[in-house]
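Novice: Let me give you the structure first, and then I'll get to my questions.
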Amino acid sequence: MQPSDTDLTNTDLIYSNPQAQVKDFAFDAQVVEVFPDMITRSVPGYNTIIDTIGRLSQRFVQENTLIFDLGCSLGAATIAMRKAITTKDCKIISIDNSPAMVERCKMHINAFKGDTEVEVIEANIETVKIENASMVVLNFTLQFIDKTRRQDLLNNIASGINTGGILVISEKISHGDAVINEHLTDLHHDFKKANGYSELEVAQKRTALENVMRTDSIEQHVARLTKAGFSHVSPWFQCFNFISFIAIK
């Protein structure tokens, strides 16, 4: 079903018209305007993941510690944690390298008041020192980092998480079995079409992401997290080719 004319203001129509040359996907002002619609219609289980991040923050956030939301986009995970956290004297640091995302994220954070302090920073998450953290979130972020630098990022996160702290990492994955991978991909495309995306939109979005999003297998993720120093690693959610892990220090 296509949105009605009255619903189009914040509806993702970026790839609805044929493009002679599809540009690489970027988190620019155009994407920011439609991002909530885009991600909920594109990522199966997204709202469940966000809600659970909030629930996990209730279990793992400790007093006098920091919480990092790395690649925070518009702050959905940050807001979920801010609403859920009852622990005193802690602070959420939300970081993104997109100026347009950071500007809009600050507006969203200010609209949801809470007792937990939040600082939104425009920065490259690979250069940020993680320290005194009881919880870190990488929600569909690592997949946009160069594969050769992913281990270093996870090492930095692990070194800065206190014992008993948690990393939540959500990603789109690839499957080593080509047949399974094809079926999961087809199911995901069916999911997007059921949410109103056309064949053209699905195809052009896929082209836009080809050069900027490189997926890993479950085994690769677990191996990296274990190597980084996490003692307990497990997927807790999967729908089609989208997954979320918890890694406890």
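By convention here, the chains of the structure tokens are called A, B, ... in the order presented, each chain's residues are numbered starting at 1, and ligands are numbered starting at 1 in the order presented.
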Would you list the contacts of Gln58 (chain A) as a list in words, taking every protein, DNA or RNA residue within 8 Å and counting only C-alpha atoms, but skipping same-chain residues closer than 2 positions in sequence?

Specialist: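 Everything that qualifies: Gly54, Arg55, Leu56, Phe60, Val61, Met81, Ala84, Ile85, Thr86 and Thr87 of chain A.
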
Novice: Please build the interface table for region 108-219 of chain A against region 63-78 of chain A with a cut-off of 9 Å, listing for each qualifying residue the nearest atom pair and the distance in Å to one decimal; count only C-alpha atoms, order rows by chain and increasing number, and write it as JSON lines.

Specialist:
{"residue": "A:His108", "atom": "CA", "partner": "A:Leu74", "partner_atom": "CA", "distance": 7.0}
{"residue": "A:Ile109", "atom": "CA", "partner": "A:Gly75", "partner_atom": "CA", "distance": 6.8}
{"residue": "A:Val118", "atom": "CA", "partner": "A:Thr78", "partner_atom": "CA", "distance": 8.2}
{"residue": "A:Val120", "atom": "CA", "partner": "A:Cys72", "partner_atom": "CA", "distance": 8.7}
{"residue": "A:Asn124", "atom": "CA", "partner": "A:Gly71", "partner_atom": "CA", "distance": 8.7}
{"residue": "A:Ile125", "atom": "CA", "partner": "A:Leu70", "partner_atom": "CA", "distance": 6.2}
{"residue": "A:Ile130", "atom": "CA", "partner": "A:Phe68", "partner_atom": "CA", "distance": 7.9}
{"residue": "A:Glu131", "atom": "CA", "partner": "A:Leu66", "partner_atom": "CA", "distance": 7.5}
{"residue": "A:Asn132", "atom": "CA", "partner": "A:Thr65", "partner_atom": "CA", "distance": 5.5}
{"residue": "A:Ala133", "atom": "CA", "partner": "A:Leu66", "partner_atom": "CA", "distance": 4.6}
{"residue": "A:Ser134", "atom": "CA", "partner": "A:Thr65", "partner_atom": "CA", "distance": 6.0}
{"residue": "A:Met135", "atom": "CA", "partner": "A:Ile67", "partner_atom": "CA", "distance": 5.0}
{"residue": "A:Val136", "atom": "CA", "partner": "A:Phe68", "partner_atom": "CA", "distance": 4.7}
{"residue": "A:Val137", "atom": "CA", "partner": "A:Asp69", "partner_atom": "CA", "distance": 4.8}
{"residue": "A:Leu138", "atom": "CA", "partner": "A:Leu70", "partner_atom": "CA", "distance": 5.4}
{"residue": "A:Asn139", "atom": "CA", "partner": "A:Gly71", "partner_atom": "CA", "distance": 7.1}
{"residue": "A:Phe140", "atom": "CA", "partner": "A:Gly71", "partner_atom": "CA", "distance": 7.9}
{"residue": "A:Thr141", "atom": "CA", "partner": "A:Gly71", "partner_atom": "CA", "distance": 5.6}
{"residue": "A:Leu142", "atom": "CA", "partner": "A:Gly71", "partner_atom": "CA", "distance": 8.6}
{"residue": "A:Asn162", "atom": "CA", "partner": "A:Thr65", "partner_atom": "CA", "distance": 8.8}

Novice: I need the chosen residues saved as a CSV table (one decimal), in the first residue's frame, with N, CA, C and O atoms.

Specialist:
chain,number,residue,atom,x,y,z
A,108,HIS,N,15.3,15.6,19.2
A,108,HIS,CA,14.5,14.5,19.7
A,108,HIS,C,14.8,14.3,21.1
A,108,HIS,O,13.9,14.0,21.9
A,109,ILE,N,16.1,14.3,21.5
A,109,ILE,CA,16.5,14.1,22.9
A,109,ILE,C,15.8,15.2,23.8
A,109,ILE,O,15.3,14.8,24.9
A,118,VAL,N,22.1,13.5,29.1
A,118,VAL,CA,22.5,13.0,27.8
A,118,VAL,C,23.3,14.1,27.1
A,118,VAL,O,23.0,15.2,27.1
A,120,VAL,N,25.0,14.8,23.3
A,120,VAL,CA,25.0,14.3,21.9
A,120,VAL,C,26.3,15.0,21.3
A,120,VAL,O,26.4,16.2,21.3
A,124,ASN,N,33.6,11.0,15.0
A,124,ASN,CA,33.9,9.6,14.5
A,124,ASN,C,34.0,8.7,15.6
A,124,ASN,O,34.9,8.8,16.5
A,125,ILE,N,33.2,7.7,15.7
A,125,ILE,CA,33.1,6.8,16.8
A,125,ILE,C,34.4,6.0,17.0
A,125,ILE,O,34.8,5.5,18.1
A,130,ILE,N,36.5,5.0,24.8
A,130,ILE,CA,35.4,4.4,25.7
A,130,ILE,C,36.0,4.1,27.1
A,130,ILE,O,37.1,3.5,27.2
A,131,GLU,N,35.4,4.6,28.1
A,131,GLU,CA,35.9,4.4,29.5
A,131,GLU,C,34.8,4.5,30.5
A,131,GLU,O,33.8,5.1,30.3
A,132,ASN,N,35.0,3.7,31.6
A,132,ASN,CA,34.1,3.7,32.7
A,132,ASN,C,32.6,3.4,32.2
A,132,ASN,O,31.7,4.0,32.6
A,133,ALA,N,32.5,2.5,31.2
A,133,ALA,CA,31.2,2.2,30.6
A,133,ALA,C,30.5,1.0,31.3
A,133,ALA,O,31.2,0.0,31.5
A,134,SER,N,29.2,1.1,31.6
A,134,SER,CA,28.5,-0.1,32.0
A,134,SER,C,27.6,-0.6,30.9
A,134,SER,O,27.2,-1.8,30.9
A,135,MET,N,27.4,0.2,29.8
A,135,MET,CA,26.6,-0.2,28.7
A,135,MET,C,27.1,0.5,27.4
A,135,MET,O,27.3,1.8,27.5
A,136,VAL,N,27.2,-0.2,26.3
A,136,VAL,CA,27.5,0.4,25.0
A,136,VAL,C,26.6,-0.2,24.0
A,136,VAL,O,26.3,-1.4,24.0
A,137,VAL,N,26.1,0.7,23.1
A,137,VAL,CA,25.1,0.2,22.0
A,137,VAL,C,25.8,0.6,20.7
A,137,VAL,O,26.2,1.7,20.4
A,138,LEU,N,25.8,-0.5,19.8
A,138,LEU,CA,26.2,-0.3,18.4
A,138,LEU,C,25.0,-0.8,17.6
A,138,LEU,O,24.9,-2.0,17.2
A,139,ASN,N,24.0,0.0,17.3
A,139,ASN,CA,22.8,-0.4,16.7
A,139,ASN,C,22.8,-0.1,15.2
A,139,ASN,O,22.6,1.0,14.8
A,140,PHE,N,23.1,-1.2,14.4
A,140,PHE,CA,23.2,-1.1,13.0
A,140,PHE,C,24.3,0.0,12.6
A,140,PHE,O,24.0,0.8,11.7
A,141,THR,N,25.4,-0.1,13.2
A,141,THR,CA,26.5,0.9,13.0
A,141,THR,C,27.8,0.2,12.5
A,141,THR,O,28.4,0.7,11.6
A,142,LEU,N,28.1,-0.9,13.1
A,142,LEU,CA,29.4,-1.6,12.7
A,142,LEU,C,29.4,-1.9,11.2
A,142,LEU,O,30.5,-1.9,10.6
A,162,ASN,N,33.3,-1.7,31.9
A,162,ASN,CA,33.6,-2.3,33.2
A,162,ASN,C,33.2,-3.7,33.3
A,162,ASN,O,32.3,-4.2,32.6

Novice: Enter the distance from CA of Glu210 (chain A) to CA of Asp96 (chain A), in Å, rounded to one decimal.

Specialist: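 Interatomic distance here is 21.2 Å.
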
Novice: Could you check the closest approach to Gly176 (chain A) for each of A:Asn241, A:Ser57, A:Ser42, A:Glu199 and tell me which residue wins, using only C-alpha atoms?

Specialist: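 Using only C-alpha atoms, Gly176 (chain A) sits closest to A:Asn241.
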
Novice: For CA of Lys172 (chain A) and CA of Leu225 (chain A), determine how far apart the two atoms are, in Å to one decimal place.

Specialist: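 Calculated distance between CA of Lys172 (chain A) and CA of Leu225 (chain A) is 16.1 Å.
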
Novice: DSSP says strand (DSSP E) for which residues of region 47-244 of chain A? Put them as a PyMOL selection string?

Specialist: chain A and resi 66-70+91-96+117-122+133-139+161-172+232-239+242-244

Novice: How would the residues just picked look written out with N, CA and C atoms as a compact mmCIF listing (two decimals), in the first residue's frame?

Specialist:
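Output file out03.txt follows:
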# COMPACT_ATOMS: atom_id res chain seq x y z
N LEU A 66 29.26 5.57 32.58
CA LEU A 66 28.83 6.15 31.32
C LEU A 66 28.15 5.09 30.46
N ILE A 67 27.22 5.55 29.63
CA ILE A 67 26.54 4.71 28.64
C ILE A 67 26.80 5.34 27.28
N PHE A 68 27.27 4.55 26.33
CA PHE A 68 27.60 5.08 25.01
C PHE A 68 26.63 4.53 23.96
N ASP A 69 26.06 5.42 23.16
CA ASP A 69 25.26 5.04 22.00
C ASP A 69 26.06 5.46 20.77
N LEU A 70 26.75 4.50 20.16
CA LEU A 70 27.69 4.79 19.07
C LEU A 70 27.01 4.63 17.72
N LYS A 91 25.43 8.81 32.92
CA LYS A 91 25.30 9.74 31.79
C LYS A 91 25.37 8.97 30.49
N ILE A 92 24.50 9.32 29.55
CA ILE A 92 24.52 8.74 28.21
C ILE A 92 25.27 9.68 27.27
N ILE A 93 26.23 9.12 26.54
CA ILE A 93 26.95 9.89 25.52
C ILE A 93 26.58 9.30 24.17
N SER A 94 25.91 10.09 23.36
CA SER A 94 25.41 9.65 22.05
C SER A 94 26.25 10.29 20.96
N ILE A 95 26.77 9.47 20.06
CA ILE A 95 27.75 9.95 19.09
C ILE A 95 27.35 9.54 17.68
N ASP A 96 27.46 10.49 16.74
CA ASP A 96 27.25 10.19 15.32
C ASP A 96 28.13 11.13 14.52
N GLU A 117 21.27 12.33 32.39
CA GLU A 117 21.91 13.33 31.53
C GLU A 117 22.30 12.70 30.19
N VAL A 118 22.10 13.45 29.12
CA VAL A 118 22.49 12.99 27.78
C VAL A 118 23.33 14.06 27.10
N GLU A 119 24.44 13.65 26.52
CA GLU A 119 25.28 14.54 25.72
C GLU A 119 25.36 13.96 24.31
N VAL A 120 24.99 14.76 23.31
CA VAL A 120 25.05 14.33 21.91
C VAL A 120 26.26 14.98 21.26
N ILE A 121 27.11 14.16 20.65
CA ILE A 121 28.38 14.64 20.10
C ILE A 121 28.50 14.25 18.63
N GLU A 122 28.97 15.19 17.82
CA GLU A 122 29.31 14.88 16.43
C GLU A 122 30.77 14.47 16.39
N ALA A 133 32.47 2.51 31.23
CA ALA A 133 31.15 2.25 30.63
C ALA A 133 30.51 1.02 31.26
N SER A 134 29.22 1.12 31.56
CA SER A 134 28.48 -0.06 32.00
C SER A 134 27.62 -0.60 30.85
N MET A 135 27.42 0.21 29.80
CA MET A 135 26.64 -0.24 28.65
C MET A 135 27.06 0.54 27.41
N VAL A 136 27.21 -0.19 26.30
CA VAL A 136 27.52 0.43 25.01
C VAL A 136 26.56 -0.17 23.98
N VAL A 137 26.06 0.68 23.09
CA VAL A 137 25.14 0.25 22.04
C VAL A 137 25.76 0.56 20.67
N LEU A 138 25.79 -0.46 19.81
CA LEU A 138 26.15 -0.30 18.39
C LEU A 138 24.96 -0.83 17.59
N ASN A 139 24.01 0.03 17.33
CA ASN A 139 22.76 -0.40 16.71
C ASN A 139 22.80 -0.13 15.21
N ILE A 161 34.74 -0.98 28.84
CA ILE A 161 33.56 -1.46 29.56
C ILE A 161 33.99 -2.09 30.87
N ASN A 162 33.33 -1.71 31.95
CA ASN A 162 33.64 -2.28 33.25
C ASN A 162 33.23 -3.75 33.30
N THR A 163 33.86 -4.51 34.17
CA THR A 163 33.48 -5.91 34.36
C THR A 163 31.99 -6.00 34.71
N GLY A 164 31.29 -6.88 34.00
CA GLY A 164 29.84 -6.99 34.19
C GLY A 164 29.03 -6.09 33.28
N GLY A 165 29.72 -5.22 32.52
CA GLY A 165 29.03 -4.34 31.58
C GLY A 165 28.65 -5.05 30.30
N ILE A 166 27.85 -4.41 29.48
CA ILE A 166 27.27 -5.05 28.30
C ILE A 166 27.44 -4.20 27.04
N LEU A 167 27.69 -4.88 25.93
CA LEU A 167 27.61 -4.29 24.60
C LEU A 167 26.42 -4.91 23.88
N VAL A 168 25.57 -4.08 23.31
CA VAL A 168 24.48 -4.55 22.45
C VAL A 168 24.84 -4.16 21.03
N ILE A 169 24.92 -5.14 20.15
CA ILE A 169 25.30 -4.87 18.77
C ILE A 169 24.28 -5.50 17.83
N SER A 170 23.64 -4.66 17.02
CA SER A 170 22.63 -5.11 16.06
C SER A 170 23.17 -4.88 14.65
N GLU A 171 22.94 -5.86 13.77
CA GLU A 171 23.53 -5.81 12.44
C GLU A 171 22.65 -6.54 11.42
N LYS A 172 22.81 -6.17 10.17
CA LYS A 172 22.36 -7.02 9.08
C LYS A 172 23.49 -8.01 8.83
N HIS A 232 30.98 -13.47 27.61
CA HIS A 232 29.69 -14.10 27.31
C HIS A 232 29.10 -13.42 26.08
N VAL A 233 28.94 -14.15 24.99
CA VAL A 233 28.46 -13.59 23.72
C VAL A 233 27.35 -14.47 23.17
N SER A 234 26.24 -13.83 22.79
CA SER A 234 25.15 -14.63 22.21
C SER A 234 24.20 -13.74 21.42
N PRO A 235 23.66 -14.25 20.31
CA PRO A 235 22.52 -13.57 19.69
C PRO A 235 21.32 -13.66 20.64
N TRP A 236 20.53 -12.60 20.70
CA TRP A 236 19.29 -12.68 21.48
C TRP A 236 18.07 -12.46 20.59
N PHE A 237 18.29 -11.96 19.37
CA PHE A 237 17.18 -11.69 18.46
C PHE A 237 17.65 -11.92 17.03
N GLN A 238 16.78 -12.54 16.22
CA GLN A 238 17.03 -12.61 14.78
C GLN A 238 15.71 -12.68 14.04
N CYS A 239 15.61 -11.90 12.98
CA CYS A 239 14.51 -11.99 12.04
C CYS A 239 15.08 -11.86 10.64
N PHE A 242 18.60 -10.07 9.88
CA PHE A 242 18.87 -9.03 10.87
C PHE A 242 18.99 -9.67 12.24
N ILE A 243 19.98 -9.25 13.00
CA ILE A 243 20.30 -9.92 14.26
C ILE A 243 20.79 -8.92 15.29
N SER A 244 20.62 -9.26 16.54
CA SER A 244 21.17 -8.46 17.63
C SER A 244 21.85 -9.39 18.62

Novice: If you run DSSP on the backbone here, which positions in region 63-242 of chain A get helix (DSSP H, G or I)? Please write them as a ChimeraX atom specification.

Specialist: /A:76-84,99-111,125-127,142-144,147-160,178-194,199-209,218-228

Novice: Measuring between only C-alpha atoms, which one of A:Arg150, A:His175, A:Lys83, A:Lys129 shows the shortest distance to Glu219 (chain A)?

Specialist: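 Closest residue, counting only C-alpha atoms: A:His175.
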
Novice: Quick one: pull the distance between CA of Cys90 (chain A) and CA of Gln62 (chain A), Å, one decimal.

Specialist: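 Answer for the CA of Cys90 (chain A) to CA of Gln62 (chain A) separation: 7.2 Å.
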
Novice: Could you give me, as number ranges by chain, the residues within 8 Å of Phe230 (chain A), counting only C-alpha atoms and dropping anything in the same chain fewer than 3 positions from it?

Specialist: A: 158, 225-227, 233, 247-249

Novice: From the set A:Ile79, A:Leu153, A:Ala178, A:Val222, which residue has the shortest atom-to-atom contact distance to Ile53 (chain A), counting only C-alpha atoms?

Specialist: A:Ile79

Novice: Determine the nearest neighbour of Pro44 (chain A) from the options A:Ala100, A:Met213, A:Ala194, A:Ala223, counting only C-alpha atoms.

Specialist: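 Among the listed residues, A:Ala194 lies closest to Pro44 (chain A).
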
Novice: Neighbours of Arg149 (chain A) within 12 Å (only C-alpha atoms; same-chain residues fewer than 6 positions away dropped), as an mmCIF file with N, CA, C and O atoms, in the first residue's frame?

Specialist:
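Written output follows (result.cif):
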data_model
loop_
_atom_site.group_PDB
_atom_site.id
_atom_site.type_symbol
_atom_site.label_atom_id
_atom_site.label_comp_id
_atom_site.auth_asym_id
_atom_site.auth_seq_id
_atom_site.Cartn_x
_atom_site.Cartn_y
_atom_site.Cartn_z
ATOM 1 N N ILE A 125 33.153 7.662 15.697
ATOM 2 C CA ILE A 125 33.148 6.761 16.849
ATOM 3 C C ILE A 125 34.449 5.981 16.984
ATOM 4 O O ILE A 125 34.769 5.481 18.067
ATOM 5 N N GLU A 126 35.217 5.891 15.898
ATOM 6 C CA GLU A 126 36.478 5.161 15.962
ATOM 7 C C GLU A 126 37.555 5.927 16.716
ATOM 8 O O GLU A 126 38.578 5.354 17.111
ATOM 9 N N THR A 127 37.356 7.217 16.920
ATOM 10 C CA THR A 127 38.361 8.039 17.607
ATOM 11 C C THR A 127 37.958 8.358 19.045
ATOM 12 O O THR A 127 38.717 9.013 19.760
ATOM 13 N N LEU A 142 28.143 -0.942 13.088
ATOM 14 C CA LEU A 142 29.401 -1.589 12.716
ATOM 15 C C LEU A 142 29.435 -1.932 11.234
ATOM 16 O O LEU A 142 30.501 -1.901 10.601
ATOM 17 N N GLN A 143 28.277 -2.226 10.647
ATOM 18 C CA GLN A 143 28.216 -2.630 9.240
ATOM 19 C C GLN A 143 28.658 -1.523 8.283
ATOM 20 O O GLN A 143 28.936 -1.786 7.117
ATOM 21 N N ASN A 155 37.743 -3.745 20.179
ATOM 22 C CA ASN A 155 38.765 -3.790 21.228
ATOM 23 C C ASN A 155 38.695 -2.549 22.110
ATOM 24 O O ASN A 155 38.812 -2.632 23.346
ATOM 25 N N ASN A 156 38.509 -1.392 21.497
ATOM 26 C CA ASN A 156 38.411 -0.140 22.237
ATOM 27 C C ASN A 156 37.186 -0.144 23.152
ATOM 28 O O ASN A 156 37.254 0.284 24.302
ATOM 29 N N ARG A 224 34.917 -12.008 16.642
ATOM 30 C CA ARG A 224 35.467 -10.680 16.955
ATOM 31 C C ARG A 224 35.181 -10.288 18.399
ATOM 32 O O ARG A 224 36.051 -9.764 19.097
#
